[in-house]
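S.K.: One structure coming up, written as structure tokens, with questions to follow.
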Amino acid sequence: MKREINLIYSINEPSTWAAYSLDGANNVTITGDTLLPSLSVGSHFIVVYATDYASNTGFSSVWFTVNTPPVSVA
């Protein structure tokens with residue numbers, strides 16, 4: 001089972017570039033909140049990068065888990 005996940009982030013100063021890397025894959029450039037591709041159930045690691053107008057690059061990372069949806073019984 002695969003799940004789509006919203007990536008919602010904020011950058012605290014004007015930036016010239018932003019991107020994310022999911023599970024060690026190549027960086028994907030983004031211009032705002034985005035929908036991550038279909039993710040498998042389990043643990044994932046994401047790093048979000050941003051570069052400001054002085055060419056300083058910062059990043060933030062987090063582990064997260066994709067769970068299966070609850071089963072409903074009629």
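Residue numbers start at 1 in each chain; chains themselves are named A, B, ... in the order of the structure tokens; ligands are numbered from 1 in the order shown.
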Assign secondary structure with DSSP using the backbone only, and return the residues of chain A in strand (DSSP E or B) as JSON, numbers by chain.
M.R.: {"A": [2, 3, 4, 5, 6, 7, 15, 16, 17, 18, 19, 20, 21, 22, 28, 29, 34, 35, 36, 37, 38, 39, 40, 42, 43, 44, 45, 46, 47, 48, 49, 50, 51, 52, 57, 58, 59, 60, 61, 62, 63, 64, 65, 66]}
S.K.: Output N, CA and C atoms for every residue in that selection, as a short mmCIF file (atom, residue, chain, number, x, y, z; two decimals), in the first residue's frame.
M.R.:
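Final output, part_2.cif:
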data_model
loop_
_atom_site.label_atom_id
_atom_site.label_comp_id
_atom_site.auth_asym_id
_atom_site.auth_seq_id
_atom_site.Cartn_x
_atom_site.Cartn_y
_atom_site.Cartn_z
N LYS A 2 0.52 2.23 -0.78
CA LYS A 2 1.27 3.48 -0.89
C LYS A 2 0.39 4.63 -0.41
N ARG A 3 1.04 5.66 0.16
CA ARG A 3 0.32 6.84 0.67
C ARG A 3 0.99 8.09 0.14
N GLU A 4 0.19 9.11 -0.19
CA GLU A 4 0.72 10.41 -0.55
C GLU A 4 0.77 11.26 0.70
N ILE A 5 1.83 12.02 0.87
CA ILE A 5 2.04 12.83 2.07
C ILE A 5 2.29 14.27 1.65
N ASN A 6 1.63 15.23 2.32
CA ASN A 6 1.89 16.64 2.07
C ASN A 6 3.16 17.07 2.78
N LEU A 7 4.05 17.74 2.05
CA LEU A 7 5.24 18.34 2.64
C LEU A 7 4.93 19.83 2.80
N SER A 15 14.61 33.23 0.16
CA SER A 15 15.52 32.21 -0.35
C SER A 15 15.55 32.22 -1.87
N THR A 16 16.64 31.70 -2.40
CA THR A 16 16.80 31.59 -3.85
C THR A 16 16.55 30.17 -4.35
N TRP A 17 16.54 29.21 -3.42
CA TRP A 17 16.39 27.82 -3.81
C TRP A 17 15.93 27.01 -2.61
N ALA A 18 15.07 26.04 -2.86
CA ALA A 18 14.65 25.09 -1.83
C ALA A 18 14.50 23.72 -2.49
N ALA A 19 14.77 22.68 -1.71
CA ALA A 19 14.67 21.32 -2.24
C ALA A 19 14.49 20.35 -1.08
N TYR A 20 14.12 19.12 -1.43
CA TYR A 20 14.09 18.06 -0.42
C TYR A 20 14.78 16.83 -0.97
N SER A 21 15.25 16.00 -0.05
CA SER A 21 15.80 14.69 -0.38
C SER A 21 15.06 13.69 0.49
N LEU A 22 14.45 12.71 -0.14
CA LEU A 22 13.67 11.70 0.56
C LEU A 22 14.42 10.38 0.55
N VAL A 28 15.20 17.20 -4.90
CA VAL A 28 14.09 17.60 -5.76
C VAL A 28 13.81 19.06 -5.45
N THR A 29 13.98 19.95 -6.43
CA THR A 29 13.73 21.37 -6.23
C THR A 29 12.23 21.61 -6.04
N THR A 34 4.38 20.92 -1.15
CA THR A 34 4.28 19.98 -2.26
C THR A 34 3.77 18.63 -1.77
N LEU A 35 3.33 17.82 -2.69
CA LEU A 35 2.86 16.47 -2.38
C LEU A 35 4.01 15.51 -2.67
N LEU A 36 4.41 14.77 -1.65
CA LEU A 36 5.46 13.77 -1.85
C LEU A 36 4.90 12.61 -2.65
N PRO A 37 5.74 11.94 -3.41
CA PRO A 37 5.27 10.81 -4.21
C PRO A 37 4.71 9.71 -3.32
N SER A 38 4.05 8.76 -3.93
CA SER A 38 3.49 7.64 -3.17
C SER A 38 4.57 6.98 -2.34
N LEU A 39 4.36 6.96 -1.04
CA LEU A 39 5.34 6.40 -0.11
C LEU A 39 4.86 5.06 0.41
N SER A 40 5.78 4.14 0.53
CA SER A 40 5.44 2.83 1.09
C SER A 40 5.25 2.95 2.60
N GLY A 42 5.98 2.40 6.32
CA GLY A 42 7.25 2.22 7.02
C GLY A 42 7.91 3.54 7.32
N SER A 43 9.16 3.48 7.76
CA SER A 43 9.92 4.67 8.15
C SER A 43 10.57 5.33 6.95
N HIS A 44 10.61 6.66 6.97
CA HIS A 44 11.23 7.45 5.91
C HIS A 44 12.01 8.59 6.56
N PHE A 45 12.99 9.12 5.81
CA PHE A 45 13.83 10.22 6.29
C PHE A 45 13.83 11.31 5.22
N ILE A 46 13.51 12.53 5.62
CA ILE A 46 13.48 13.64 4.67
C ILE A 46 14.36 14.77 5.17
N VAL A 47 15.06 15.40 4.23
CA VAL A 47 15.86 16.59 4.51
C VAL A 47 15.35 17.68 3.59
N VAL A 48 15.05 18.86 4.16
CA VAL A 48 14.64 20.02 3.37
C VAL A 48 15.78 21.03 3.44
N TYR A 49 16.18 21.52 2.27
CA TYR A 49 17.28 22.48 2.15
C TYR A 49 16.75 23.82 1.65
N ALA A 50 17.43 24.90 2.01
CA ALA A 50 17.14 26.22 1.46
C ALA A 50 18.43 27.02 1.38
N THR A 51 18.53 27.83 0.33
CA THR A 51 19.68 28.71 0.15
C THR A 51 19.18 30.14 0.12
N ASP A 52 19.81 31.02 0.91
CA ASP A 52 19.39 32.43 0.95
C ASP A 52 20.16 33.25 -0.08
N THR A 57 23.43 27.97 2.76
CA THR A 57 22.47 26.87 2.67
C THR A 57 22.27 26.26 4.05
N GLY A 58 21.00 26.11 4.42
CA GLY A 58 20.66 25.46 5.68
C GLY A 58 19.75 24.29 5.39
N PHE A 59 19.54 23.47 6.40
CA PHE A 59 18.68 22.30 6.20
C PHE A 59 18.03 21.91 7.51
N SER A 60 16.98 21.14 7.39
CA SER A 60 16.31 20.53 8.54
C SER A 60 15.90 19.13 8.12
N SER A 61 15.96 18.18 9.05
CA SER A 61 15.63 16.80 8.70
C SER A 61 14.73 16.19 9.76
N VAL A 62 14.01 15.16 9.34
CA VAL A 62 13.12 14.47 10.27
C VAL A 62 12.86 13.04 9.76
N TRP A 63 12.75 12.12 10.71
CA TRP A 63 12.26 10.77 10.43
C TRP A 63 10.75 10.80 10.61
N PHE A 64 10.01 10.06 9.78
CA PHE A 64 8.57 9.93 9.96
C PHE A 64 8.14 8.55 9.50
N THR A 65 6.96 8.14 9.94
CA THR A 65 6.45 6.81 9.63
C THR A 65 5.13 6.91 8.91
N VAL A 66 5.00 6.16 7.83
CA VAL A 66 3.74 6.05 7.09
C VAL A 66 3.06 4.78 7.58
#
S.K.: Hey, can you check how far atom CA of A:Asp23 sits from atom CA of A:Ser55?
M.R.: 25.1 Å
S.K.: Check the smallest atom-to-atom distance from each of A:Ile30, A:Ala54, A:Val73, A:Ala25 to A:Ile8 using only C-alpha atoms, then report the winner.
M.R.: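 Nearest to A:Ile8: A:Ile30.
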S.K.: Just to confirm, what's the straight-line distance from atom CA of A:Pro69 to atom CA of A:Ser10 in Å (one decimal)?
M.R.: 27.6 Å
